[in-house]
Structures are given as C-alpha cells and as structure tokens.
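Undergrad: One structure, as structure tokens, below. Some questions next.
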Amino acid sequence: MSFLSRLLGTAPDPREGVRPLWHRVIELARDPGYYSECRVADSIAGRFDMITAVLSAVMVRVEASEMRAESALLAELFVEDMDGQLREFGVNDVVVGKRIGKLMSVLGGRLGAYRSALNEGDLEKLTAAVQRNVTFADGADEAASAAMVAERLMKMFQRLARFSDAEMLKASAIW
C-alpha cells in the first residue's frame, strides 16, 4: 500500500485484520477474576498492567508464527487506544506524545520480561515478572496474587498455542 493511498484513505487499514484480536485482548484483560480472585488493583494502573500482560502473551504467541507483521499492528492498536484514553482523561496534545512514548516503552519492557518466561514455560520466572509489573490491591498478598496471575497467563498462553493463525485473527474462539 502506498503512502499516498494511506494518506488519502483509499486503501484499507491493515490494522482492521487484527482489530478483533485487539478487542479480545481487552476482554481477556478485563476478566473479573483478575481483580476479585487475584487481587489486581481495580484501578487505571491495575487495568493497564493487565492489558500489557495479556497483550504480551498474545504478541508472544503471534510472534511464534508467521504473523510478525500482525504483532506490530497489535502494538499500533495499543498506541491508538492509549492515545484515545489519554485524550479522554483530558491530557493535552503536547503531553500525549510523551506519554505514549513512555507507554510504548513500558509495553516493550513487559513484553521482554514476559516473553522468555512464557516461551520457556517457566512459571517461577513469570511470577517474578508479574510481581514486578502488576499493581495489586491494597492489602493483597503480592506474592500469592502474582502467582495466581502468572498461572492464569501461562494457561492462557498454552491455550493460544493450540489455535491456528486464522483462529487467532478471528479471535472469537479465543478464551
């Protein structure tokens, strides 16, 4: 697709092919069990942490296939969504770019922290990464809560491995 086609809006947006998967990432990150059973803080920070954790697991799965471009498109949808959220919170245009850069850096760091643990099936390593990167509710036993979140993420990652690339993109069957 040429730059001019994208600029004038005559070509389809390639992100539309992964948008169902992005929406499913958000649904999975909002699973009430993370907030009630695992004691993730039901706050902006806690929800962001779960979005980045679930997105990381999905991106690691997508990267393991022939869908490397789709992984980048998921990151673009993350940026688009976070940009919209920041603007809804009233963050002005000058600051949005800086905050988006920081959020992308956070996603990259978490993706790196979760990637090796997920690929190696190392629950202990994943638990340590979750404990460092997830905001838990006041009074939560962070070690126990991190272990529960890590176990859920690992099981989800293992389930994702069973789906074909087409099923991943369709996303409706992913649970």
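Ligands are numbered from 1 in the order shown, residues from 1 within each chain, and chains are lettered A, B, ... in the order they appear in the structure tokens.
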Tell me which protein, DNA and RNA residues are within 10 Å of range 132-136 of chain A, counting only C-alpha atoms, leaving out same-chain ones fewer than 4 positions away, and put them as JSON, numbers by chain.
TA: {"A": [34, 35, 38, 39, 40, 41, 42, 43, 44, 45, 46, 47, 48, 49, 50, 52, 53, 106, 109, 110, 113, 114, 126, 127, 128, 140, 141, 142, 145, 146, 149]}
Undergrad: Now that the selection is made, can you save its residues with C-alpha atoms as a PDB file, in the first residue's frame?
TA:
ATOM      1  CA  TYR A  34      -8.011 -10.957  37.892  1.00  0.00           C
ATOM      2  CA  TYR A  35      -9.472  -8.265  40.118  1.00  0.00           C
ATOM      3  CA  CYS A  38      -6.032 -12.495  42.002  1.00  0.00           C
ATOM      4  CA  ARG A  39      -6.394  -9.125  43.743  1.00  0.00           C
ATOM      5  CA  VAL A  40      -5.080  -6.973  40.882  1.00  0.00           C
ATOM      6  CA  ALA A  41      -5.941  -3.371  41.717  1.00  0.00           C
ATOM      7  CA  ASP A  42      -9.196  -2.397  40.017  1.00  0.00           C
ATOM      8  CA  SER A  43      -7.724   0.951  39.024  1.00  0.00           C
ATOM      9  CA  ILE A  44      -6.326   2.597  35.921  1.00  0.00           C
ATOM     10  CA  ALA A  45      -2.858   1.279  36.781  1.00  0.00           C
ATOM     11  CA  GLY A  46      -4.074  -2.256  37.506  1.00  0.00           C
ATOM     12  CA  ARG A  47      -6.139  -2.434  34.342  1.00  0.00           C
ATOM     13  CA  PHE A  48      -3.254  -1.093  32.263  1.00  0.00           C
ATOM     14  CA  ASP A  49      -0.990  -3.713  33.836  1.00  0.00           C
ATOM     15  CA  MET A  50      -3.391  -6.487  32.865  1.00  0.00           C
ATOM     16  CA  THR A  52       0.002  -5.172  28.875  1.00  0.00           C
ATOM     17  CA  ALA A  53       0.285  -8.659  30.439  1.00  0.00           C
ATOM     18  CA  VAL A 106       6.561   0.097  29.295  1.00  0.00           C
ATOM     19  CA  GLY A 109       9.850  -3.786  28.781  1.00  0.00           C
ATOM     20  CA  ARG A 110       6.999  -6.001  29.899  1.00  0.00           C
ATOM     21  CA  ALA A 113      10.062  -9.650  30.808  1.00  0.00           C
ATOM     22  CA  TYR A 114       7.192 -11.984  29.938  1.00  0.00           C
ATOM     23  CA  LEU A 126       6.741 -15.409  35.033  1.00  0.00           C
ATOM     24  CA  THR A 127       5.568 -14.984  38.633  1.00  0.00           C
ATOM     25  CA  ALA A 128       8.592 -12.793  39.393  1.00  0.00           C
ATOM     26  CA  ALA A 140      -3.158  -8.149  48.842  1.00  0.00           C
ATOM     27  CA  ASP A 141      -0.533 -10.807  49.414  1.00  0.00           C
ATOM     28  CA  GLU A 142       1.500  -9.748  46.384  1.00  0.00           C
ATOM     29  CA  SER A 145      -1.502 -12.763  43.867  1.00  0.00           C
ATOM     30  CA  ALA A 146       1.392 -12.662  41.405  1.00  0.00           C
ATOM     31  CA  VAL A 149      -1.929 -14.071  37.767  1.00  0.00           C
TER      32      VAL A 149
END
Undergrad: If we count only C-alpha atoms, what is near Met154 in chain A at a cut-off of 8 Å, once residues fewer than 3 positions away on the same chain are taken out, given as a PyMOL selection string?
TA: chain A and resi 118+121+123+150-151+157-158
Undergrad: Can you write just those residues out, C-alpha atoms, as a tab-separated table (two decimals), in the first residue's frame?
TA:
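Wrote it out as out10.tsv, contents follow:
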chain	number	residue	atom	x	y	z
A	118	LEU	CA	6.26	-17.77	28.52
A	121	GLY	CA	7.15	-22.36	30.29
A	123	LEU	CA	6.12	-20.26	35.89
A	150	ALA	CA	1.14	-15.85	36.37
A	151	GLU	CA	-0.63	-19.20	36.43
A	157	PHE	CA	-0.58	-18.75	26.61
A	158	GLN	CA	-0.65	-22.54	26.41
Undergrad: Report the distance between CA of Glu27 in chain A and CA of Ala57 in chain A in Å, rounded to one decimal place.
TA: 13.9 Å
Undergrad: Can you pull out the residues contacting Gly17 in chain A? Cut-off 12 Å, using only C-alpha atoms, and skip same-chain residues under 5 positions away; I want them as a compact mmCIF listing (two decimals) with all heavy atoms, in the first residue's frame.
TA:
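Once written, part03.txt looks like this:
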# COMPACT_ATOMS: atom_id res chain seq x y z
N PRO A 12 -7.48 0.05 2.33
CA PRO A 12 -7.98 -0.42 3.63
C PRO A 12 -6.88 -0.34 4.70
O PRO A 12 -5.70 -0.51 4.41
CB PRO A 12 -8.39 -1.87 3.36
CG PRO A 12 -7.67 -2.27 2.13
CD PRO A 12 -7.41 -1.02 1.34
N TRP A 22 -7.38 -7.53 18.99
CA TRP A 22 -7.15 -6.47 19.97
C TRP A 22 -8.33 -6.36 20.94
O TRP A 22 -8.15 -6.29 22.15
CB TRP A 22 -6.90 -5.12 19.29
CG TRP A 22 -6.94 -3.97 20.24
CD1 TRP A 22 -7.88 -2.99 20.32
CD2 TRP A 22 -6.01 -3.70 21.31
NE1 TRP A 22 -7.60 -2.13 21.35
CE2 TRP A 22 -6.45 -2.55 21.97
CE3 TRP A 22 -4.86 -4.33 21.76
CZ2 TRP A 22 -5.78 -2.00 23.07
CZ3 TRP A 22 -4.18 -3.79 22.84
CH2 TRP A 22 -4.65 -2.63 23.48
N HIS A 23 -9.54 -6.40 20.40
CA HIS A 23 -10.73 -6.32 21.26
C HIS A 23 -10.79 -7.51 22.22
O HIS A 23 -11.18 -7.36 23.37
CB HIS A 23 -12.01 -6.23 20.42
CG HIS A 23 -12.18 -4.91 19.73
ND1 HIS A 23 -12.26 -3.71 20.40
CD2 HIS A 23 -12.24 -4.60 18.42
CE1 HIS A 23 -12.39 -2.72 19.54
NE2 HIS A 23 -12.37 -3.23 18.33
N MET A 67 3.17 -14.55 11.68
CA MET A 67 2.39 -13.30 11.74
C MET A 67 3.15 -12.17 12.42
O MET A 67 2.60 -11.44 13.23
CB MET A 67 1.07 -13.55 12.46
CG MET A 67 0.19 -14.57 11.80
SD MET A 67 -1.49 -14.62 12.46
CE MET A 67 -1.25 -14.88 14.19
N ALA A 69 4.11 -9.32 11.26
CA ALA A 69 3.51 -8.03 10.91
C ALA A 69 2.29 -7.77 11.78
O ALA A 69 2.04 -6.63 12.21
CB ALA A 69 3.15 -7.97 9.44
N GLU A 70 1.53 -8.80 12.06
CA GLU A 70 0.33 -8.65 12.88
C GLU A 70 0.69 -8.25 14.32
O GLU A 70 -0.05 -7.53 14.96
CB GLU A 70 -0.50 -9.94 12.86
CG GLU A 70 -1.27 -10.15 11.58
CD GLU A 70 -0.44 -10.71 10.42
OE1 GLU A 70 0.80 -10.86 10.57
OE2 GLU A 70 -1.02 -10.97 9.36
N SER A 71 1.83 -8.71 14.79
CA SER A 71 2.28 -8.31 16.12
C SER A 71 2.52 -6.80 16.17
O SER A 71 2.11 -6.13 17.11
CB SER A 71 3.57 -9.07 16.49
OG SER A 71 4.01 -8.70 17.76
N LEU A 73 1.10 -4.64 14.22
CA LEU A 73 -0.21 -4.00 14.09
C LEU A 73 -0.95 -3.99 15.43
O LEU A 73 -1.64 -3.02 15.75
CB LEU A 73 -1.04 -4.69 13.01
CG LEU A 73 -0.51 -4.55 11.59
CD1 LEU A 73 -1.31 -5.43 10.63
CD2 LEU A 73 -0.51 -3.10 11.13
N LEU A 74 -0.79 -5.04 16.22
CA LEU A 74 -1.37 -5.05 17.57
C LEU A 74 -0.77 -3.93 18.42
O LEU A 74 -1.50 -3.26 19.16
CB LEU A 74 -1.14 -6.40 18.25
CG LEU A 74 -2.08 -7.52 17.88
CD1 LEU A 74 -1.58 -8.84 18.47
CD2 LEU A 74 -3.49 -7.23 18.36
N LEU A 77 -2.41 -0.73 17.47
CA LEU A 77 -3.75 -0.59 18.07
C LEU A 77 -3.65 -0.24 19.55
O LEU A 77 -4.47 0.53 20.07
CB LEU A 77 -4.57 -1.86 17.84
CG LEU A 77 -5.01 -2.09 16.40
CD1 LEU A 77 -5.66 -3.45 16.26
CD2 LEU A 77 -5.94 -0.98 15.93
N ASP A 165 -3.38 -19.73 13.14
CA ASP A 165 -3.22 -18.29 12.92
C ASP A 165 -4.55 -17.65 12.54
O ASP A 165 -4.88 -16.58 13.01
CB ASP A 165 -2.17 -18.03 11.83
CG ASP A 165 -0.77 -18.40 12.28
OD1 ASP A 165 -0.57 -18.71 13.47
OD2 ASP A 165 0.14 -18.35 11.43
N ALA A 166 -5.32 -18.33 11.70
CA ALA A 166 -6.62 -17.79 11.28
C ALA A 166 -7.56 -17.65 12.47
O ALA A 166 -8.28 -16.66 12.60
CB ALA A 166 -7.25 -18.69 10.21
N GLU A 167 -7.55 -18.65 13.36
CA GLU A 167 -8.39 -18.58 14.56
C GLU A 167 -7.93 -17.44 15.47
O GLU A 167 -8.75 -16.77 16.10
CB GLU A 167 -8.36 -19.90 15.32
CG GLU A 167 -9.09 -21.02 14.61
CD GLU A 167 -8.86 -22.38 15.26
OE1 GLU A 167 -7.72 -22.66 15.68
OE2 GLU A 167 -9.84 -23.15 15.33
N MET A 168 -6.61 -17.23 15.55
CA MET A 168 -6.09 -16.12 16.36
C MET A 168 -6.63 -14.80 15.85
O MET A 168 -7.09 -13.97 16.62
CB MET A 168 -4.57 -16.11 16.35
CG MET A 168 -3.91 -17.19 17.16
SD MET A 168 -4.16 -16.99 18.94
CE MET A 168 -3.30 -15.47 19.28
N LEU A 169 -6.56 -14.60 14.55
CA LEU A 169 -7.02 -13.34 13.98
C LEU A 169 -8.52 -13.16 14.10
O LEU A 169 -9.01 -12.07 14.31
CB LEU A 169 -6.59 -13.21 12.52
CG LEU A 169 -5.08 -13.07 12.31
CD1 LEU A 169 -4.76 -13.04 10.83
CD2 LEU A 169 -4.54 -11.84 13.01
N LYS A 170 -9.26 -14.27 13.96
CA LYS A 170 -10.71 -14.20 14.12
C LYS A 170 -11.05 -13.85 15.56
O LYS A 170 -11.98 -13.08 15.82
CB LYS A 170 -11.35 -15.51 13.69
CG LYS A 170 -12.85 -15.47 13.65
CD LYS A 170 -13.42 -16.76 13.13
CE LYS A 170 -14.93 -16.71 13.17
NZ LYS A 170 -15.53 -17.99 12.84
N ALA A 171 -10.33 -14.44 16.49
CA ALA A 171 -10.37 -14.12 17.92
C ALA A 171 -11.62 -14.55 18.67
O ALA A 171 -11.59 -14.61 19.88
CB ALA A 171 -10.12 -12.62 18.15
Undergrad: For a test of reading the model, state the distance in Å between CA of Ala75 in chain A and CA of Leu107 in chain A, rounded to one decimal.
TA: 8.7 Å
Undergrad: For Leu55 in chain A, which residue out of A:Ala72, A:Ala29, A:Met148, A:Ala143 is the nearest one, using only C-alpha atoms?
TA: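 Of all the options, A:Ala29 lies closest to Leu55 in chain A.
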Undergrad: Quick one, how far is CA of Ser36 in chain A from CA of Met156 in chain A?
TA: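 Interatomic distance, CA of Ser36 in chain A to CA of Met156 in chain A: 18.1 Å.
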Undergrad: Restricting the calculation to only C-alpha atoms: of A:Glu16, A:Leu21, A:Arg152, A:Ala129, which residue gets closest to Ser116 in chain A?
TA: A:Ala129
Undergrad: Could you give me the residues within range 17-149 of chain A that DSSP places in alpha helix (DSSP H), as a VMD selection string?
TA: chain A and resid 19 to 29 32 to 36 44 to 63 68 to 88 93 to 120 123 to 133 142 to 149
